[in-house]
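Q: Supplied structure: final-v6.pdb, PDB, C-alpha atoms.
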MODEL        1
ATOM      1  CA  MET A   1       0.146  -8.380  -4.241
ATOM      2  CA  ASN A   2       0.858  -4.684  -3.954
ATOM      3  CA  THR A   3      -1.057  -2.225  -1.784
ATOM      4  CA  VAL A   4      -3.491  -1.186  -4.510
ATOM      5  CA  GLU A   5      -4.304  -4.774  -5.497
ATOM      6  CA  LEU A   6      -4.764  -5.762  -1.850
ATOM      7  CA  TYR A   7      -7.034  -2.784  -1.199
ATOM      8  CA  LYS A   8      -9.199  -3.658  -4.209
ATOM      9  CA  GLU A   9      -9.366  -7.287  -3.102
ATOM     10  CA  ILE A  10     -10.428  -6.283   0.423
ATOM     11  CA  LYS A  11     -13.184  -4.070  -0.981
ATOM     12  CA  ARG A  12     -14.342  -6.877  -3.303
ATOM     13  CA  LEU A  13     -14.486  -9.365  -0.431
ATOM     14  CA  GLN A  14     -16.234  -6.884   1.864
ATOM     15  CA  THR A  15     -18.827  -6.202  -0.834
ATOM     16  CA  LEU A  16     -19.399  -9.938  -1.180
ATOM     17  CA  ARG A  17     -19.785 -10.264   2.610
ATOM     18  CA  LEU A  18     -22.310  -7.409   2.722
ATOM     19  CA  LYS A  19     -24.216  -8.898  -0.220
ATOM     20  CA  ASN A  20     -24.385 -12.256   1.560
ATOM     21  CA  GLU A  21     -25.490 -10.635   4.806
ATOM     22  CA  SER A  22     -28.296  -8.764   3.076
ATOM     23  CA  ALA A  23     -29.435 -11.757   0.998
ATOM     24  CA  LEU A  24     -29.344 -14.375   3.752
ATOM     25  CA  SER A  25     -30.910 -14.508   7.170
ATOM     26  CA  PRO A  26     -28.640 -14.518  10.239
ATOM     27  CA  GLU A  27     -29.869 -18.059  10.905
ATOM     28  CA  ASP A  28     -28.692 -19.236   7.470
ATOM     29  CA  LEU A  29     -25.319 -17.506   7.920
ATOM     30  CA  ALA A  30     -24.907 -19.178  11.315
ATOM     31  CA  GLY A  31     -26.202 -22.517  10.101
ATOM     32  CA  LYS A  32     -26.328 -23.709   6.517
ATOM     33  CA  TYR A  33     -23.708 -21.254   5.177
ATOM     34  CA  ARG A  34     -21.610 -20.942   8.325
ATOM     35  CA  THR A  35     -18.448 -22.574   6.979
ATOM     36  CA  SER A  36     -18.293 -20.553   3.769
ATOM     37  CA  TYR A  37     -19.241 -17.323   5.573
ATOM     38  CA  GLU A  38     -16.527 -17.856   8.207
ATOM     39  CA  ARG A  39     -14.020 -18.633   5.447
ATOM     40  CA  LEU A  40     -14.966 -15.383   3.689
ATOM     41  CA  CYS A  41     -14.581 -13.390   6.921
ATOM     42  CA  GLU A  42     -11.205 -15.038   7.588
ATOM     43  CA  ASN A  43     -10.087 -14.261   4.054
ATOM     44  CA  ILE A  44     -11.012 -10.601   4.601
ATOM     45  CA  ARG A  45      -9.016 -10.512   7.857
ATOM     46  CA  GLN A  46      -6.028 -12.172   6.157
ATOM     47  CA  ARG A  47      -6.028  -9.679   3.286
ATOM     48  CA  GLN A  48      -6.347  -6.797   5.765
ATOM     49  CA  MET A  49      -3.261  -8.038   7.618
ATOM     50  CA  GLU A  50      -1.355  -8.375   4.337
ATOM     51  CA  TYR A  51      -2.432  -4.846   3.378
ATOM     52  CA  ARG A  52      -1.245  -3.417   6.706
ATOM     53  CA  THR A  53       2.076  -5.227   6.288
ATOM     54  CA  GLU A  54       2.567  -3.873   2.762
ATOM     55  CA  CYS A  55       1.609  -0.335   3.830
ATOM     56  CA  THR A  56       4.103  -0.550   6.689
ATOM     57  CA  LYS A  57       6.830  -1.586   4.225
ATOM     58  CA  VAL A  58       5.970   1.369   1.996
ATOM     59  CA  ILE A  59       6.072   3.832   4.891
ATOM     60  CA  ARG A  60       9.362   2.423   6.195
ATOM     61  CA  THR A  61      10.913   2.618   2.739
ATOM     62  CA  LEU A  62       9.726   6.199   2.308
ATOM     63  CA  THR A  63      11.070   7.059   5.771
ATOM     64  CA  ASP A  64      14.460   5.601   4.798
ATOM     65  CA  ILE A  65      14.466   7.704   1.640
ATOM     66  CA  LEU A  66      13.543  10.893   3.482
ATOM     67  CA  ALA A  67      16.190  10.233   6.124
ATOM     68  CA  GLU A  68      18.842   9.842   3.418
ATOM     69  CA  LEU A  69      17.887  13.205   1.912
ATOM     70  CA  ALA A  70      19.448  14.950   4.896
ATOM     71  CA  TYR A  71      22.911  13.857   3.704
ATOM     72  CA  PHE A  72      22.730  15.344   0.215
ATOM     73  CA  ASP A  73      23.926  18.782  -0.835
ATOM     74  CA  PRO A  74      21.470  20.797  -2.923
ATOM     75  CA  THR A  75      23.292  20.590  -6.267
ATOM     76  CA  ASP A  76      22.044  19.393  -9.626
ATOM     77  CA  GLU A  77      24.264  16.290  -9.430
ATOM     78  CA  GLU A  78      22.865  15.499  -6.006
ATOM     79  CA  TYR A  79      19.277  15.762  -7.280
ATOM     80  CA  ASP A  80      20.077  13.073  -9.834
ATOM     81  CA  ALA A  81      21.634  10.875  -7.147
ATOM     82  CA  VAL A  82      18.613  11.335  -4.878
ATOM     83  CA  ARG A  83      16.217  10.508  -7.721
ATOM     84  CA  ASP A  84      18.248   7.373  -8.501
ATOM     85  CA  ILE A  85      18.143   6.290  -4.851
ATOM     86  CA  MET A  86      14.370   6.804  -4.732
ATOM     87  CA  ILE A  87      13.858   4.791  -7.903
ATOM     88  CA  ASP A  88      16.098   1.986  -6.615
ATOM     89  CA  LYS A  89      14.199   1.880  -3.307
ATOM     90  CA  SER A  90      10.932   1.752  -5.201
ATOM     91  CA  LYS A  91      12.174  -1.236  -7.210
ATOM     92  CA  GLU A  92      13.272  -2.958  -3.987
ATOM     93  CA  CYS A  93       9.681  -2.609  -2.808
ATOM     94  CA  GLY A  94       8.374  -4.210  -6.010
ATOM     95  CA  ASP A  95       7.388  -0.900  -7.626
ATOM     96  CA  ASP A  96       4.366  -0.681  -5.345
ATOM     97  CA  PRO A  97       1.967   1.940  -6.787
ATOM     98  CA  LEU A  98       1.496   3.608  -3.392
ATOM     99  CA  LEU A  99       5.254   3.987  -2.901
ATOM    100  CA  THR A 100       5.764   5.064  -6.506
ATOM    101  CA  GLY A 101       3.171   7.815  -6.065
ATOM    102  CA  LEU A 102       4.662   8.984  -2.786
ATOM    103  CA  ILE A 103       8.166   9.015  -4.263
ATOM    104  CA  ALA A 104       6.938  11.011  -7.262
ATOM    105  CA  THR A 105       5.492  13.567  -4.857
ATOM    106  CA  VAL A 106       8.753  13.722  -2.902
ATOM    107  CA  ILE A 107      10.796  14.157  -6.094
ATOM    108  CA  GLU A 108       8.463  16.896  -7.316
ATOM    109  CA  ARG A 109       8.616  18.697  -3.986
ATOM    110  CA  PHE A 110      12.372  18.205  -3.699
ATOM    111  CA  GLU A 111      12.929  19.642  -7.169
ATOM    112  CA  SER A 112      10.585  22.605  -6.645
ATOM    113  CA  GLU A 113      12.319  23.467  -3.351
ATOM    114  CA  GLY A 114      15.688  23.332  -5.075
ATOM    115  CA  LYS A 115      14.591  25.890  -7.657
ATOM    116  CA  ARG A 116      13.869  28.551  -5.047
TER     117      ARG A 116
ENDMDL
END
In C-alpha cells, what does this structure look like?

A:
Amino acid sequence: MNTVELYKEIKRLQTLRLKNESALSPEDLAGKYRTSYERLCENIRQRQMEYRTECTKVIRTLTDILAELAYFDPTDEEYDAVRDIMIDKSKECGDDPLLTGLIATVIERFESEGKR
C-alpha cells in the first residue's frame, strides 16, 4: 500500500473503532467483544506503523533527490537530467502519491528558480 492508501485505511479503521466505542458499553468491549475489539486496535497500530515506514521512505527518497541537486549545473540539459532522476526515484518508490506530489513541487520550484 502507498501512503495515501494507508492513511485512508487508518482513518477507516479509526472511524470503525469510534463507532464501536459509541455503540457498545465499555463492559461489552472488555467482555463479549474483547477479542474483535483488540484485533481492530492491533490492526490500527499495524497500519500506523506501516504508514510511518512508508512516509520515512518517501522523505529519505526526497532527501536523496535534493542532495543530488547540489551537483547539477543550472543549464537546460541539467534540468532534464534532474527531472529524469526525480522520476526514476519516484518509480523506485512505487510511484507513491505523496512522493510524486513532493517531486512535482520540487520540479516546479527548481524550474521557476532557473528562470530568474

Q: Can you list, as a compact mmCIF listing (two decimals) with C-alpha atoms, keeping the file's coordinate frame, every protein, DNA or RNA residue that comes within 12 Å of Ala70 in chain A when you count all atoms listed in the file, leaving out same-chain residues fewer than 5 positions away?

A:
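Produced file around.txt, reproduced below:
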# COMPACT_ATOMS: atom_id res chain seq x y z
CA THR A 63 11.07 7.06 5.77
CA ASP A 64 14.46 5.60 4.80
CA ILE A 65 14.47 7.70 1.64
CA GLU A 78 22.86 15.50 -6.01
CA VAL A 82 18.61 11.34 -4.88
CA PHE A 110 12.37 18.20 -3.70

Q: Hey, can you pull every residue with an atom no more than 12 Å from (7.6, -0.6, -7.2), using all atoms listed in the file, and send it as an MDAnalysis selection string?

A: chainID A and resid 1:4 54 57:58 61:62 86:104

Q: Which value, in Å to one decimal, gives the distance between CA of Thr56 in chain A and CA of Glu9 in chain A?

A: 18.0 Å

Q: At what distance in Å, to one decimal, does CA of Lys11 in chain A lie from CA of Ile44 in chain A?

A: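 Value for the CA of Ile44 in chain A-CA of Lys11 in chain A distance: 8.9 Å.
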
Q: Could you check how far CA of Lys8 in chain A sits from CA of Thr53 in chain A, in Å to one decimal?

A: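 Atom-to-atom, CA of Lys8 in chain A and CA of Thr53 in chain A are spaced 15.5 Å apart.
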
Q: Which residue gives the smallest distance to Asp84 in chain A among A:Ile107, A:Cys55, A:Arg60, A:Arg45, with only C-alpha atoms counted?

A: A:Ile107

Q: Which is closer to Leu66 in chain A than all the others in A:Cys41, A:Ile10, A:Ala30, A:Val106, using all atoms listed in the file?

A: A:Val106

Q: Let me know the residues the PyMOL selection byres ((chain A and resi 15-23) around 10) catches in the file above, as a PyMOL selection string.

A: chain A and resi 9-14+24-26+28-29+33+37-38+40-41+44

Q: Restricting the calculation to only C-alpha atoms: of A:Arg47, A:Arg39, A:Arg34, A:Arg83, which residue gets closest to Glu5 in chain A?

A: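 Of A:Arg47, A:Arg39, A:Arg34, A:Arg83, the one nearest Glu5 in chain A is A:Arg47, counting only C-alpha atoms.
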